[in-house]
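Inspection log for the structure reproduced underneath, given as structure tokens.
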Amino acid sequence: MDQTVCFFTVANTRNSSSKETIRRRNREKRYPLLSFHELPDYMKDNDYILNYYRANWPLKVALRSLFQCHNETLNIWTHLLGFLVFVGLTVGNLADVPQVVDFITMFSGQLPSSAEGNVSSKLSLGPVKPIDLQQKSSLEGDINSRETSTPNWPFYVFLCGSMFCLLSSSMCHLFCCHSRRLNEYLLQLDYVGITIMIITSFFPPIYYIFQCTPHWQFVYLTGITIIGTCTVITLLSPALMSGKFRSFRALLFVSMGLFGLIPAVHALVANWNDPYRNITLAYESAMALSYLIGTLFYVSRVPERWKPGWFDLVGQSHQVFHVFVVMGALAHYGAAQIFLRCRTQIGCNN
Ligand SMILES: [Zn+2]
């Protein structure tokens with residue numbers, strides 16, 4: 001009896017697995033991966049990527065392609081994993097679980113939250129001046145009262161902006177193969193996501209550095225919000241959606257980033273004696289360098305331009321750009337944590 005049941009179970013399993021194989025083969029026949037010249041015009045963007053394209057796939061099939069190998073797989077996963085890391089950081093901070101935050105920050109090569117007492121002993125990112133512990137202990141009595149007066153929201157604004165950007169980007173790469181209309185809509189969402197990430201990145205440094213001079217806080221935060229809004233309006237105009245404006249779009253993002261030089265130089269002059277100066281500068285320089293290198297890959301389309309077809313699946317410029325965006329965001333996260341702690345500890349006494 002048992003043998004009979006076992007036989008039927010094995011037979012059924014084989015039957016269902018062979019059915020699944022047939023279904024998969026049929027699907028592959030109906031939705032084959034295409035070469036560049038077989039693509040509809042709206043999808044012809046990078047002629048150095050020659051094969052493994054998806055085009056006009058139903059949403060369900062596109063969703064399943066998350067686990068298939070095509071020329072967008074790594075573009076989707078680089079930002080999806082980045083999104084999950086930021087979800088972990090947000091949940092860890094919200095739940096006030098330092099171990100979770102420490103684990104992820106250490107994994108990303110950054111400053112563990114428990115090491116705030118002596119940043120220079122954990123990292124060798126230049127001649128960091130150790131925090132004056134005497135000064136710190138004399139201030140510690142006030143920390144609790146200041147913790148309530150130093151809001152966390154600018155830090156979470158940045159985390160939300162980063163999560164929105166990374167998720168919208170990976171969704172854009174996953175579903176852009178569905179139809180022309182959705183492709184255009186998702187591209188717009190992707191650009192809006194990048195703009196929101198840049199705007200929200202300004203919130204922690206500007207808010208905490210200029211917390212004791214609220215008029216500068218207002219000027220800079222209003223300034224970047226206006227610039228960001230104008231950028232979104234410009235990017236959403238249908239005339240700028242085509243591939244030939246790629247460099248112009250990159251220029252818009254870089255200009256937004258360069259606006260940050262004004263408050264950065266101002267903050268550096270105003271807070272020259274800040275004990276956290278060098279470590280935050282190191283983080284912010286790492287962020288700026290990551291975004292800059294990423295943008296250079298995005299615009300130049302290196303390395304696929306050198307060997308068309310060689311980097312269709314792995315190593316194409318867009319994947320490298322994505323990795324640098326995530327690294328830049330993580331560096332900025334490290335800096336934002338220091339800005340928040342620094343203001344919480346020092347208050348407006350310096
Ligand atoms: Zn992308």
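Naming scheme: A, B, ... for chains in displayed order of the structure tokens; residues 1 onward per chain; ligands 1 onward as shown.
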What are the closest atom pairs, with distances in Å to one decimal, for each residue of chain A lying within 7 Å of ligand 1, using only C-alpha atoms and all ligand atoms, rows by chain and rising residue number, as CSV?
```
residue,atom,partner,partner_atom_place_in_ligand_line,distance
A:Asn75,CA,ligand 1,1 (Zn),6.2
A:Ser169,CA,ligand 1,1 (Zn),5.6
A:His173,CA,ligand 1,1 (Zn),6.6
A:His318,CA,ligand 1,1 (Zn),6.2
A:His322,CA,ligand 1,1 (Zn),6.2
```
Legend entry - All residues 10 Å or closer to stretch 211-217 of chain A, only C-alpha atoms, same chain fewer than 3 positions away omitted, as a ChimeraX atom specification: /A:150,203,205-208,220-223,263,266,343,347-350
Inset, instruction - One decimal, Å: what's the distance from atom CA of A:Phe259 over to atom CA of A:Gly328, could you say? - result: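 Rounded to one decimal, the two atoms are 16.9 Å apart.
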Inset, instruction - From stretch 131-333 of chain A, collect each residue whose DSSP state is helix (DSSP H, G or I) and return the set as a PyMOL selection string. - result: chain A and resi 133-149+153-175+180-209+214-236+238-240+243-259+261-270+277-300+317-333
Inset, instruction - State, in Å with one decimal place, the distance from atom CA of A:His70 to atom CA of A:Arg181. - result: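 Those two atoms sit 21.5 Å apart.
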Inset, instruction - Just give me the gap between atom CA of A:Val302 and atom CA of A:Trp57 in Å, one decimal is fine. - result: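 A separation of 28.3 Å between them.
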Legend entry - For A:Ala286, the nearest of the candidates A:Tyr333, A:Tyr52, A:Phe311, A:Trp306, counting only C-alpha atoms: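 Nearest to A:Ala286: A:Tyr333.
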Legend entry - Among the residues A:Leu189, A:Val299, A:Cys230, A:Ala95, the one that comes closest to A:Phe248 [using only C-alpha atoms]: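 Closest to A:Phe248 of all the choices is A:Val299.
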Inset, instruction - Find the spatial neighbours of A:Glu304, counting only C-alpha atoms, within a cut-off of 12 Å - ignore same-chain residues fewer than 6 positions away - and output them as a ChimeraX atom specification. - result: /A:46-50,297-298,310-320
Legend entry - Selected residue, from A:Thr90, A:Thr21, A:Thr280, A:Asn273, that lies nearest to A:Gly334 when counting only C-alpha atoms: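 Among A:Thr90, A:Thr21, A:Thr280, A:Asn273, it is A:Thr280 that comes nearest to A:Gly334.
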Inset, instruction - Write out as a list in words which residues come within 10 Å of A:Arg249 when counting only C-alpha atoms, dropping same-chain ones fewer than 3 positions away. - result: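 Non-adjacent residues within range: Tyr191, Thr231, Thr234, Leu235, Leu240, Met241, Gly243, Lys244, Phe245, Arg246, Leu252, Phe253, Val254, Ser255 and Val299 of chain A.
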Legend entry - Shortest interatomic distance to A:Leu159 - which of A:Val91, A:Leu63, A:Val265, A:Ala282, counting only C-alpha atoms: A:Val91
Inset, instruction - Using only C-alpha atoms, pick whichever of A:Tyr291, A:Tyr185, A:Tyr276, A:Phe36 has the shortest atom-to-atom distance to A:Met256. - result: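 Result for the nearest residue to A:Met256: A:Tyr291.
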Legend entry - Who sits within 12 Å of A:Glu38, only C-alpha atoms, same chain under 4 positions skipped, as a list in words: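 The residues satisfying every condition are Pro32, Leu33, Leu34, Tyr42, Met43, Lys44, Asp47, Leu50, Asn51, Tyr52, Tyr53, Arg54, Ala55 and Asn56 of chain A.
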With C-alpha atoms retained, write the just-selected residues as a PDB file, in the first residue's frame.
```pdb
ATOM      1  CA  PRO A  32      12.313  34.977 -26.299  1.00  0.00           C
ATOM      2  CA  LEU A  33      15.187  37.302 -25.483  1.00  0.00           C
ATOM      3  CA  LEU A  34      15.880  39.615 -28.414  1.00  0.00           C
ATOM      4  CA  TYR A  42      11.301  53.028 -27.856  1.00  0.00           C
ATOM      5  CA  MET A  43      13.654  50.473 -26.295  1.00  0.00           C
ATOM      6  CA  LYS A  44      16.668  51.175 -28.493  1.00  0.00           C
ATOM      7  CA  ASP A  47      23.583  50.032 -29.104  1.00  0.00           C
ATOM      8  CA  LEU A  50      23.773  43.648 -28.355  1.00  0.00           C
ATOM      9  CA  ASN A  51      21.674  40.804 -26.908  1.00  0.00           C
ATOM     10  CA  TYR A  52      19.442  39.386 -24.111  1.00  0.00           C
ATOM     11  CA  TYR A  53      16.725  42.063 -24.333  1.00  0.00           C
ATOM     12  CA  ARG A  54      13.131  41.618 -23.157  1.00  0.00           C
ATOM     13  CA  ALA A  55      10.450  43.485 -25.103  1.00  0.00           C
ATOM     14  CA  ASN A  56       6.670  43.791 -24.868  1.00  0.00           C
TER      15      ASN A  56
END
```
Legend entry - Option closest in space to A:Leu74, from A:Asn93, A:Asn278, A:Ser170, A:Ser201 [counting only C-alpha atoms]: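 With only C-alpha atoms as the atom set, the closest residue is A:Ser170.
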